[in-house]
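The data block below is start-v2.cif; it holds mmCIF, C-alpha atoms.
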data_target
#
loop_
_atom_site.label_atom_id
_atom_site.label_comp_id
_atom_site.auth_asym_id
_atom_site.auth_seq_id
_atom_site.Cartn_x
_atom_site.Cartn_y
_atom_site.Cartn_z
CA MET A 1 -111.19 -54.57 -13.40
CA LEU A 2 -112.15 -53.66 -9.83
CA PRO A 3 -108.66 -54.05 -8.26
CA MET A 4 -107.14 -51.73 -10.86
CA ALA A 5 -109.94 -49.22 -10.39
CA LEU A 6 -109.36 -49.25 -6.65
CA ALA A 7 -105.63 -48.90 -7.19
CA PHE A 8 -105.95 -45.79 -9.33
CA TRP A 9 -108.51 -44.32 -6.96
CA ALA A 10 -106.08 -44.83 -4.07
CA CYS A 11 -103.42 -42.77 -5.80
CA ASP A 12 -105.62 -39.69 -6.23
CA GLU A 13 -104.35 -36.57 -4.50
CA ILE A 14 -105.23 -36.29 -0.79
CA SER A 15 -106.15 -32.89 0.62
CA THR A 16 -103.89 -31.26 3.20
CA ASP A 17 -106.57 -31.60 5.89
CA ASP A 18 -106.70 -35.35 5.39
CA ARG A 19 -102.95 -35.63 6.01
CA PHE A 20 -103.25 -34.41 9.60
CA ILE A 21 -102.00 -36.80 12.27
CA ASP A 22 -103.13 -36.53 15.89
CA MET A 23 -99.82 -36.78 17.77
CA ASP A 24 -100.97 -37.50 21.35
CA THR A 25 -98.14 -38.22 23.75
CA VAL A 26 -97.56 -41.81 24.79
CA LEU A 27 -94.66 -43.45 26.62
CA PRO A 28 -93.54 -46.41 24.47
CA GLU A 29 -93.55 -49.78 26.21
CA ARG A 30 -92.16 -51.58 23.16
CA THR A 31 -91.33 -51.11 19.48
CA VAL A 32 -93.91 -51.14 16.70
CA LEU A 33 -93.40 -52.47 13.17
CA ILE A 34 -95.08 -50.72 10.23
CA GLU A 35 -95.09 -52.63 6.96
CA ASP A 36 -95.59 -49.86 4.41
CA PHE A 37 -96.88 -51.25 1.09
CA THR A 38 -95.83 -48.81 -1.55
CA GLY A 39 -94.76 -48.41 -5.19
CA GLN A 40 -92.72 -46.06 -7.31
CA ASN A 41 -95.63 -45.45 -9.68
CA CYS A 42 -98.02 -44.69 -6.81
CA SER A 43 -98.50 -40.92 -6.82
CA ASN A 44 -100.03 -40.90 -3.35
CA CYS A 45 -97.41 -43.09 -1.66
CA PRO A 46 -95.10 -40.21 -0.66
CA ASP A 47 -97.91 -39.06 1.66
CA ALA A 48 -97.54 -42.36 3.52
CA HIS A 49 -93.77 -41.89 3.65
CA ALA A 50 -94.41 -38.51 5.28
CA VAL A 51 -96.61 -40.16 7.90
CA ILE A 52 -93.74 -42.50 8.77
CA ASP A 53 -91.36 -39.54 9.09
CA LEU A 54 -93.76 -37.83 11.50
CA LEU A 55 -94.22 -40.94 13.60
CA LYS A 56 -90.48 -41.52 13.80
CA GLU A 57 -89.95 -37.86 14.69
CA GLN A 58 -92.28 -38.32 17.66
CA TYR A 59 -91.45 -41.85 18.81
CA GLY A 60 -87.90 -42.30 17.52
CA ASP A 61 -86.54 -45.84 17.39
CA ALA A 62 -89.76 -47.18 18.93
CA VAL A 63 -91.22 -47.06 15.40
CA ILE A 64 -89.64 -49.40 12.86
CA ALA A 65 -90.83 -48.93 9.28
CA VAL A 66 -90.17 -51.19 6.30
CA SER A 67 -91.26 -49.99 2.86
CA ILE A 68 -92.33 -53.00 0.83
CA HIS A 69 -92.66 -52.24 -2.88
CA ALA A 70 -95.43 -54.40 -4.27
CA GLY A 71 -98.47 -54.63 -6.49
CA ASN A 72 -99.63 -52.75 -9.56
CA PHE A 73 -97.51 -49.65 -8.87
CA GLY A 74 -94.27 -51.41 -7.99
CA ILE A 75 -91.34 -51.76 -10.38
CA ASP A 76 -89.63 -55.14 -10.33
CA VAL A 77 -85.95 -55.03 -9.41
CA LYS A 78 -85.36 -57.26 -12.46
CA ASN A 79 -86.34 -54.33 -14.70
CA THR A 80 -83.51 -52.18 -13.38
CA SER A 81 -81.21 -50.60 -15.96
CA PHE A 82 -78.44 -48.64 -14.28
CA PRO A 83 -77.13 -47.15 -17.58
CA ASP A 84 -80.60 -45.64 -18.10
CA ASN A 85 -80.84 -44.55 -14.44
CA TYR A 86 -83.93 -46.73 -14.09
CA ILE A 87 -84.02 -48.57 -10.76
CA GLY A 88 -86.73 -50.95 -9.61
CA LEU A 89 -87.27 -51.73 -5.93
CA MET A 90 -89.87 -54.51 -5.91
CA GLU A 91 -88.59 -57.86 -4.64
CA PRO A 92 -90.56 -61.10 -5.17
CA GLU A 93 -91.26 -61.49 -1.44
CA GLY A 94 -92.98 -58.10 -1.47
CA ASN A 95 -95.83 -59.40 -3.59
CA GLU A 96 -96.20 -62.43 -1.33
CA TYR A 97 -96.64 -60.15 1.67
CA ASN A 98 -98.98 -57.93 -0.34
CA ASP A 99 -101.15 -60.92 -1.25
CA ARG A 100 -101.14 -62.17 2.35
CA TRP A 101 -102.88 -58.96 3.42
CA ASN A 102 -105.16 -58.82 0.36
CA ILE A 103 -103.95 -55.34 -0.56
CA ASN A 104 -105.34 -53.98 -3.82
CA SER A 105 -104.97 -50.23 -3.25
CA TRP A 106 -101.81 -48.35 -2.31
CA PRO A 107 -100.44 -46.98 -0.10
CA ALA A 108 -101.52 -49.35 2.64
CA GLY A 109 -99.94 -50.40 5.88
CA VAL A 110 -99.98 -53.19 8.42
CA VAL A 111 -99.12 -52.21 11.99
CA ASN A 112 -97.65 -55.03 14.08
CA ARG A 113 -99.53 -57.53 11.88
CA ASN A 114 -102.61 -56.78 13.93
CA GLY A 115 -105.92 -55.59 12.52
CA GLY A 116 -105.07 -56.09 8.85
CA ALA A 117 -104.17 -53.55 6.18
CA MET A 118 -105.22 -49.94 6.68
CA GLU A 119 -104.90 -46.56 4.98
CA HIS A 120 -102.06 -44.34 6.13
CA ASP A 121 -104.32 -41.85 7.92
CA LYS A 122 -105.07 -44.62 10.45
CA TRP A 123 -101.47 -45.55 11.20
CA ALA A 124 -100.91 -43.00 13.97
CA ALA A 125 -103.78 -44.30 16.09
CA ALA A 126 -102.71 -47.91 15.53
CA VAL A 127 -99.11 -47.11 16.46
CA ARG A 128 -100.14 -45.28 19.64
CA SER A 129 -102.26 -48.22 20.71
CA ALA A 130 -99.53 -50.77 19.98
CA LEU A 131 -96.85 -48.77 21.80
CA SER A 132 -98.86 -49.01 25.01
CA SER A 133 -98.76 -52.82 25.17
CA LYS A 134 -95.84 -54.60 26.81
CA ALA A 135 -93.58 -56.87 24.78
CA THR A 136 -93.45 -60.56 25.68
CA VAL A 137 -89.96 -61.02 24.21
CA ASP A 138 -86.73 -59.04 23.90
CA ILE A 139 -84.56 -59.22 20.78
CA GLU A 140 -80.91 -58.26 20.38
CA VAL A 141 -79.21 -58.25 16.98
CA GLU A 142 -75.68 -57.67 15.75
CA ALA A 143 -74.89 -57.51 12.04
CA ALA A 144 -71.47 -57.17 10.44
CA ILE A 145 -70.02 -57.55 6.96
CA ALA A 146 -67.24 -60.01 6.27
CA ASP A 147 -66.18 -61.77 3.07
CA GLY A 148 -69.00 -60.24 1.05
CA LYS A 149 -71.72 -61.36 3.46
CA ILE A 150 -73.84 -59.81 6.18
CA ASN A 151 -73.41 -62.04 9.22
CA ILE A 152 -76.21 -61.75 11.75
CA ALA A 153 -76.26 -62.85 15.40
CA THR A 154 -79.67 -62.76 17.10
CA LYS A 155 -80.48 -63.31 20.76
CA VAL A 156 -84.12 -63.84 21.73
CA SER A 157 -85.17 -63.55 25.39
CA PRO A 158 -88.80 -64.56 25.96
CA LYS A 159 -90.88 -63.31 28.91
CA ALA A 160 -93.53 -65.96 28.27
CA ASP A 161 -93.88 -69.28 26.48
CA ILE A 162 -94.07 -68.48 22.77
CA ASP A 163 -94.82 -70.63 19.74
CA GLY A 164 -94.11 -68.30 16.84
CA HIS A 165 -91.70 -67.25 14.11
CA LEU A 166 -88.45 -65.31 13.98
CA GLN A 167 -88.16 -63.12 10.88
CA LEU A 168 -85.02 -61.33 9.67
CA TRP A 169 -85.16 -58.71 6.92
CA ILE A 170 -82.54 -56.61 5.16
CA THR A 171 -83.47 -52.96 4.55
CA GLU A 172 -81.66 -50.11 2.84
CA ASP A 173 -81.87 -46.33 3.21
CA GLY A 174 -80.90 -43.57 0.82
CA ILE A 175 -81.71 -45.27 -2.48
CA ILE A 176 -81.99 -42.56 -5.12
CA ALA A 177 -84.56 -43.60 -7.71
CA PHE A 178 -87.62 -42.15 -9.35
CA GLN A 179 -90.98 -41.84 -7.62
CA ARG A 180 -94.30 -40.41 -8.71
CA ASN A 181 -95.47 -37.73 -6.29
CA GLY A 182 -98.86 -36.28 -7.14
CA SER A 183 -98.69 -35.11 -10.73
CA LYS A 184 -94.90 -35.03 -10.74
CA ARG A 185 -92.31 -37.63 -11.64
CA VAL A 186 -89.40 -37.12 -9.23
CA PRO A 187 -86.23 -38.66 -10.76
CA ASP A 188 -84.07 -38.33 -7.63
CA TYR A 189 -86.47 -39.30 -4.84
CA ARG A 190 -84.76 -40.61 -1.70
CA HIS A 191 -86.22 -43.99 -0.74
CA ASN A 192 -85.66 -45.06 2.87
CA HIS A 193 -86.15 -48.29 4.87
CA VAL A 194 -86.68 -50.22 1.63
CA PHE A 195 -87.23 -53.98 1.96
CA ARG A 196 -84.36 -55.75 0.19
CA ALA A 197 -84.45 -59.39 1.26
CA ALA A 198 -85.81 -61.94 3.70
CA VAL A 199 -82.79 -63.60 5.31
CA ASN A 200 -84.44 -66.69 6.79
CA GLY A 201 -87.27 -67.34 4.36
CA THR A 202 -90.29 -65.33 3.31
CA TRP A 203 -92.13 -66.11 6.55
CA GLY A 204 -89.13 -66.62 8.81
CA GLU A 205 -88.46 -69.73 10.86
CA SER A 206 -90.48 -71.43 13.56
CA VAL A 207 -89.31 -70.82 17.13
CA ASP A 208 -90.53 -72.58 20.26
CA LEU A 209 -89.55 -70.33 23.17
CA ASP A 210 -89.77 -71.08 26.88
CA ASN A 211 -90.24 -68.28 29.39
CA GLY A 212 -86.86 -67.04 30.64
CA VAL A 213 -84.79 -69.29 28.37
CA HIS A 214 -82.61 -67.35 25.93
CA LYS A 215 -82.00 -68.63 22.43
CA GLU A 216 -79.33 -67.53 19.97
CA PHE A 217 -79.41 -67.73 16.18
CA SER A 218 -76.82 -67.20 13.44
CA HIS A 219 -77.59 -66.29 9.83
CA SER A 220 -75.80 -64.81 6.85
CA ILE A 221 -76.77 -63.40 3.48
CA ALA A 222 -74.56 -62.44 0.54
CA LEU A 223 -74.39 -58.81 -0.48
CA ARG A 224 -76.03 -58.30 -3.85
CA ASN A 225 -74.07 -56.68 -6.63
CA SER A 226 -75.43 -57.44 -10.07
CA ALA A 227 -76.58 -55.78 -13.26
CA THR A 228 -80.01 -55.18 -11.73
CA GLU A 229 -79.41 -54.82 -7.99
CA VAL A 230 -76.60 -53.21 -6.00
CA TRP A 231 -76.72 -52.95 -2.22
CA ASN A 232 -74.91 -50.11 -0.48
CA PRO A 233 -73.50 -51.60 2.75
CA ALA A 234 -73.18 -48.16 4.33
CA ASN A 235 -76.96 -47.74 4.29
CA MET A 236 -78.07 -51.21 5.28
CA SER A 237 -79.85 -52.46 8.39
CA VAL A 238 -81.30 -55.67 9.74
CA VAL A 239 -84.86 -55.73 11.03
CA ALA A 240 -85.68 -58.65 13.30
CA PHE A 241 -89.05 -59.50 14.78
CA VAL A 242 -90.90 -62.33 16.48
CA TYR A 243 -94.53 -62.88 15.57
CA ASP A 244 -97.30 -65.37 16.18
CA ASP A 245 -100.98 -65.61 15.27
CA SER A 246 -101.72 -62.54 17.42
CA GLY A 247 -99.25 -60.33 15.54
CA VAL A 248 -95.74 -58.97 16.06
CA LEU A 249 -94.61 -59.55 19.65
CA GLN A 250 -91.50 -57.38 19.40
CA ALA A 251 -89.16 -55.99 16.76
CA THR A 252 -85.75 -54.38 16.60
CA LYS A 253 -83.55 -52.75 13.98
CA THR A 254 -79.76 -52.51 13.87
CA ARG A 255 -77.31 -50.95 11.46
CA VAL A 256 -74.87 -53.18 9.63
CA ILE A 257 -71.28 -52.55 10.70
CA ASN A 258 -67.89 -53.59 9.36
CA GLN A 259 -65.49 -56.07 10.90
CA ASN A 260 -64.03 -53.38 13.13
CA ASN A 261 -67.42 -52.77 14.76
CA GLN A 262 -67.75 -49.34 13.21
CA PRO A 263 -70.56 -48.05 10.96
CA ILE A 264 -69.62 -48.53 7.33
#
Take the structure in this file and express it as structure tokens.
Amino acid sequence: MLPMALAFWACDEISTDDRFIDMDTVLPERTVLIEDFTGQNCSNCPDAHAVIDLLKEQYGDAVIAVSIHAGNFGIDVKNTSFPDNYIGLMEPEGNEYNDRWNINSWPAGVVNRNGGAMEHDKWAAAVRSALSSKATVDIEVEAAIADGKINIATKVSPKADIDGHLQLWITEDGIIAFQRNGSKRVPDYRHNHVFRAAVNGTWGESVDLDNGVHKEFSHSIALRNSATEVWNPANMSVVAFVYDDSGVLQATKTRVINQNNQPI
């Protein structure tokens, strides 16, 4: 019963004072990935979404957030019923990531896969610290839709010898679906940077990189359009990152475009 007790405790209301973020200035040396573990039935999770908005307002594209719906407060995408305006956002990979970090209270976040899961009031300090470290790899990604698929070209340029993994994720912005927010049930909440799929496996693919030697990768994933899940190509992005046992070495995010190289 303890995990459930912790989960409900985590979704108690947080006072305004506890939502304060110290926004010290820092010049980003790299990007930082925030894995935001969240759920539509988590009444406190919108506070974590607000933290992400503040961090992105300050640091811009240097902060890459992915909201991973998982755990006791997530709603499985398989339970979606569009006629009833009931949309679930929890993918099976989300629970695998949740279990990897032993998360049993939400919201929780992992910053650059370094230091483990933490409460959202600690994200700002972790992001500031991570932004100050130099990246050991550069990543360039292009993603375009053709023939019902998202085709992805990735170029990885290491600045050191790296034995790690390349991970590609699909995310979607602007999904209108319900969300608990405090004591309210918001039917038309706007969900952003929602994890939709892992393109190259739940944990990515192994990459053995030599300093100064570029490598290129090609992947594709079919757009989903079913009775329980519909992707909106106009709001989709690809998040790519390289990680090893020390954490995320670098990440990037790019919007999906159409065949004419224009935003959809």
Nearest candidate to Thr31 (chain A) (options A:Val207, A:Ile175, A:Val63, A:Val213; using all atoms listed in the file):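 For Thr31 (chain A), the nearest of the candidates is A:Val63.
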Check what the PyMOL selection byres ((chain A and resi 37-54) around 6) selects in the file above and give those residues as a PyMOL selection string. chain A and resi 11+36+55-57+68-69+73-74+107-109+120+179-182
Which neighbours of Ile221 (chain A) fall inside 7 Å, counting all atoms listed in the file, when residues of the same chain fewer than 2 positions from it are skipped, and could you give them as a list in words?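 Neighbouring residues, sequence-local ones excluded: Lys149, Ile150, Asn151, Val199 and Leu223 of chain A.
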Using all atoms listed in the file, which of the listed residues (A:Gln167, A:Thr202, A:Asn258, A:Ser218) sits closest to Glu96 (chain A)? A:Thr202
Could you tell me which residues the PyMOL selection byres ((chain A and resi 66) around 9) grabs in this file, written as a PyMOL selection string? chain A and resi 33-37+64-65+67-68+171+192-195+239
Pick from A:Met90, A:Ala177, A:His214, A:Lys253, whichever lies nearest to Tyr189 (chain A) using all atoms listed in the file: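 The answer is A:Ala177, which sits nearest to Tyr189 (chain A).
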Who sits within 6 Å of Ala240 (chain A), only C-alpha atoms, same chain under 3 positions skipped, as a list in words: Gln167, Leu168, Ala251 and Thr252 of chain A
Residues returned when the PyMOL selection byres ((chain A and resi 77-83) around 10) runs on this file, as a ChimeraX atom specification: /A:69,74-76,84-92,196,227-230
Output the selection as an mmCIF file, keeping the file's coordinate frame - C-alpha atoms for each residue.
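Contents of the output file selection02.cif:
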data_model
loop_
_atom_site.group_PDB
_atom_site.id
_atom_site.type_symbol
_atom_site.label_atom_id
_atom_site.label_comp_id
_atom_site.auth_asym_id
_atom_site.auth_seq_id
_atom_site.Cartn_x
_atom_site.Cartn_y
_atom_site.Cartn_z
ATOM 1 C CA HIS A 69 -92.660 -52.240 -2.880
ATOM 2 C CA GLY A 74 -94.270 -51.410 -7.990
ATOM 3 C CA ILE A 75 -91.340 -51.760 -10.380
ATOM 4 C CA ASP A 76 -89.630 -55.140 -10.330
ATOM 5 C CA ASP A 84 -80.600 -45.640 -18.100
ATOM 6 C CA ASN A 85 -80.840 -44.550 -14.440
ATOM 7 C CA TYR A 86 -83.930 -46.730 -14.090
ATOM 8 C CA ILE A 87 -84.020 -48.570 -10.760
ATOM 9 C CA GLY A 88 -86.730 -50.950 -9.610
ATOM 10 C CA LEU A 89 -87.270 -51.730 -5.930
ATOM 11 C CA MET A 90 -89.870 -54.510 -5.910
ATOM 12 C CA GLU A 91 -88.590 -57.860 -4.640
ATOM 13 C CA PRO A 92 -90.560 -61.100 -5.170
ATOM 14 C CA ARG A 196 -84.360 -55.750 0.190
ATOM 15 C CA ALA A 227 -76.580 -55.780 -13.260
ATOM 16 C CA THR A 228 -80.010 -55.180 -11.730
ATOM 17 C CA GLU A 229 -79.410 -54.820 -7.990
ATOM 18 C CA VAL A 230 -76.600 -53.210 -6.000
#
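Of the residues under consideration (A:Ser157, A:Asn104, A:Gln58, A:Asn225), A:Gln58 shows the shortest atom-to-atom contact distance to Ala124 (chain A) when counting only C-alpha atoms.
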Between CA of Ala160 (chain A) and CA of Lys134 (chain A), measure the distance and give it in Å to one decimal.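 Separation between CA of Ala160 (chain A) and CA of Lys134 (chain A): 11.7 Å.
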